[in-house]
Amino acid sequence: MAKLSIDLKAGKLKDERDVIVGIDLGTTNSLVAYMVNGQAVAVKDAAGKSTLVPSVVHFNADQEVLVGDAAKEKLITDPAHTIYSVKRLMGKSFGDISNFEQYFGYKIIDEDTESLVKIRVADRFFTPIELSAEILKELKRRIEGVLQAPVSKAVITVPAYFNDAQRQATRDAGKLAGLDVLRIVNEPTAASLAYGIGLDQEAEGQKIAVYDLGGGTFDISILSIENGIFEVLSTNGDTFLGGDDFDRAIIDHWLAVNDIPASRIQKDKHLGQTIRLEAERAKKALSTADHYTGSLDDWQITLSREQFETLVTPLVDRTIVACNQALADAGLATSAVDHVVMVGGSTRMPLVKQRVAKCFGREVNAQLNPDEVVALGAAIQADILAGNQQDILLLDITPLSLGIETVGGLMDVIVPRNSKVPAKVGRQYTTSVDGQTNLKIAVYQGERDLVEHNRKLGEFVLRGIPPMPAGLPKIEIHFYLDADGILKVKATELRSNVATEIEIRSQYGISEEDMARMLIDSIQNAQSDMATRALLEARNEANNILLATTKFLVQNKSWLAAAASAEISRLAEELRQATAATDKDAINKAMETLNEYARPLAQDALEKNIAQAMKGEKV
Ligand code: ADP
Ligand code: MG
């Protein structure tokens, strides 16, 4: 979409490419960045002060929308109409979040547990996508104000563990805000790019740990650069651990020192908010100062760096445990890590930097502004997509396996967990009934052998298959998983070329905890799952043999001896009975007995048929 314009100073035509912006759509804060003279820059607010837009949306009685700092102020005065942390709700069903609804000050609607959550503000209902779109619109306004030109293309970042539904929801939010989302990029990948990691040839094979401690969440991601692309080797973290918890530790300390019961700040919301802001101020000050003294009524409001560090050490310890777990999951020793990248406002704390450096046994990358690095990296990614930098592909992995349901309710994995994306995988199937003209294709996500234990993402029907005997149609099913983790499934009957496809816009998401639980479940149930799969597969095979046997008896009635025919029927009946029971070995044995007896007869039948066909040809 290059446009030509006249560069007045140089007096010549210049190639003007569309600006593509990079957006960090955060839980606590969001921001937008773009490239100026080959340098990524985060956009400041109108006052020229902060680059951060608090991810808060407020609606007044006339349904007018406020976003950012102005909305954040309403958290105290009008909490029921002020929405924060909406990122936690992206692509989620009420069932996914019901256990932590207490954390929100606003109303979350639970019509049915499998549909996406909605948020009630007065008498209007909003989806998390619509609310995120309001934040994105504000960022778009900001950058357009700076550039004095419309902006319509963006790269938006998401946590590495976001699943298809959450990525799709983020894309949709962009669309709703009037942005063409060219790419959804993982936050740790963007942060690495901001430090220039992965941009040169030497990067090949390097391992990167990205430690992201924000306002309410903690993520650790281990990346590897393979063939010039970023791969996520593992992710870990805690969706309820961040700066807010550090603030709370300070509040609890001050309450104790001043002998004030916690119930008082629960009742007095205004006091609660005032002390919370004071605690955050103290925390930030202590990132550079050794001592903090504030004021609040006649309370004693002081805190030393040492006291603060003692208070929060247990919280920081938890992040270190997660780092070690992520390393173990990636199969790496700490010595194998080449770079440690610090992301998120809370990594400004000296204690955090020290502990992380010690854990990985190396200096950490903390020179850039930690709350800007993700947006800066997104702007660099946007620049690469605009063709302004050498071509660098960014690649990630699927956190859960994707597949379809096959006969007997079995999960047939097509794209295995941890596969690189983008991925294109195809597999052939056939019909199980004569003259079958429709085939239902149900798509699932998960690690278990039976689809009933996995997550259904969608289903569709391939219609218009020309009637053929069972087993003859060749139905190819292709999974295309794009770089944003969005799944397209296409089914084609190869003899007739009839085809249908769907794009999976998953109806509901899946939390990080659910994902972890699914993995654990699949391991704990591996043995019984495997036994069930073996039984179902034996039954399927037996049913196919029984169908073929019935056909054989009918087709070869003219020459088969009555005794042979009776014996085949008897063995088939034995197999049928075994199939009704649950002993897979008995089924396999009955199949073998029947096959053994019928094999020479089937051979005779084949020869007779060939002879028949040759005779026919001579005439
Ligand atoms: P998110 O990724 O969740 O949107 P950010 O990366 O913007 O969040 O981090 C916000 C958090 O960083 C807040 O809890 C804030 O108090 C904390 N923070 C910001 N500056 C400092 C500082 N100087 N010292 C300690 N914490 C800080
Ligand atoms: Mg962040």
# chains A, B, ... in the order shown; residues from 1 in each chain; ligands from 1
call {"tool": "residues_near_ligand", "arguments": {"ligand": "ligand 2", "cutoff": "10 Å", "atoms": "only C-alpha atoms and all ligand atoms", "output": "PyMOL selection string"}}
result
chain A and resi 24-31+157-159+187-188+191+212-219+343-346+370-375
call {"tool": "residues_around", "arguments": {"residues": "A:Gly174", "least_positions_apart": "2", "cutoff": "9 Å", "atoms": "only C-alpha atoms", "output": "short mmCIF file (atom, residue, chain, number, x, y, z; two decimals) with C-alpha atoms, in the first residue's frame"}}
result
data_model
loop_
_atom_site.label_atom_id
_atom_site.label_comp_id
_atom_site.auth_asym_id
_atom_site.auth_seq_id
_atom_site.Cartn_x
_atom_site.Cartn_y
_atom_site.Cartn_z
CA ILE A 129 -13.83 -7.34 23.25
CA SER A 132 -10.73 -3.59 25.00
CA ALA A 133 -11.73 -1.84 21.79
CA LEU A 136 -7.48 0.60 21.62
CA LYS A 137 -9.53 3.53 20.29
CA ALA A 154 -1.36 -2.36 14.07
CA ILE A 156 -0.89 -6.09 19.06
CA ALA A 169 -10.77 -11.88 20.81
CA THR A 170 -7.79 -9.49 20.75
CA ARG A 171 -7.92 -9.37 16.96
CA ASP A 172 -11.65 -8.65 17.08
CA LEU A 176 -13.80 -2.97 16.44
CA ALA A 177 -11.44 -0.08 17.15
CA GLY A 178 -10.94 0.37 13.42
CA LEU A 179 -7.55 -1.27 13.28
CA ASP A 180 -6.42 -3.89 10.83
CA VAL A 181 -4.45 -6.19 13.11
#
call {"tool": "closest_residue", "arguments": {"among": "A:Pro54, A:Gly22, A:Gly403, A:Gly196", "to": "ligand 1", "atoms": "only C-alpha atoms and all ligand atoms"}}
result
A:Pro54
call {"tool": "residues_around", "arguments": {"residues": "A:Glu493", "least_positions_apart": "5", "cutoff": "9 Å", "atoms": "only C-alpha atoms", "output": "list in words"}}
result
Thr430, Leu462, Ile465, Pro473, Lys474, Ile475, Glu476, Ile477, Val498 and Ala499 of chain A
call {"tool": "closest_residue", "arguments": {"among": "A:Leu66, A:Ile20, A:Val121, A:Leu286", "to": "ligand 1", "atoms": "only C-alpha atoms and all ligand atoms"}}
result
A:Leu286
call {"tool": "atom_distance", "arguments": {"atom1": "atom CA of A:Gly205", "atom2": "atom CA of A:Asn388"}}
result
24.5 Å
call {"tool": "atom_distance", "arguments": {"atom1": "atom CA of A:Leu75", "atom2": "atom CA of A:Leu271"}}
result
12.9 Å
call {"tool": "residues_around", "arguments": {"residues": "A:Gly145", "least_positions_apart": "5", "cutoff": "10 Å", "atoms": "only C-alpha atoms", "output": "compact mmCIF listing (two decimals) with N, CA and C atoms, in the first residue's frame"}}
result
# COMPACT_ATOMS: atom_id res chain seq x y z
N VAL A 43 4.37 6.59 22.52
CA VAL A 43 3.64 7.85 22.38
C VAL A 43 3.20 8.37 23.75
N ASP A 45 1.10 11.07 26.41
CA ASP A 45 -0.25 11.66 26.46
C ASP A 45 -0.20 13.14 26.09
N ALA A 46 -1.39 13.76 26.01
CA ALA A 46 -1.48 15.15 25.55
C ALA A 46 -0.60 16.07 26.39
N LEU A 139 -5.82 4.66 22.27
CA LEU A 139 -4.43 4.60 21.79
C LEU A 139 -4.35 5.10 20.35
N LYS A 140 -5.35 4.72 19.56
CA LYS A 140 -5.39 5.15 18.15
C LYS A 140 -5.52 6.68 18.07
N PRO A 150 -4.40 9.63 9.79
CA PRO A 150 -5.11 8.43 10.24
C PRO A 150 -4.19 7.21 10.32
N VAL A 151 -4.42 6.39 11.32
CA VAL A 151 -3.65 5.15 11.48
C VAL A 151 -4.64 3.99 11.46
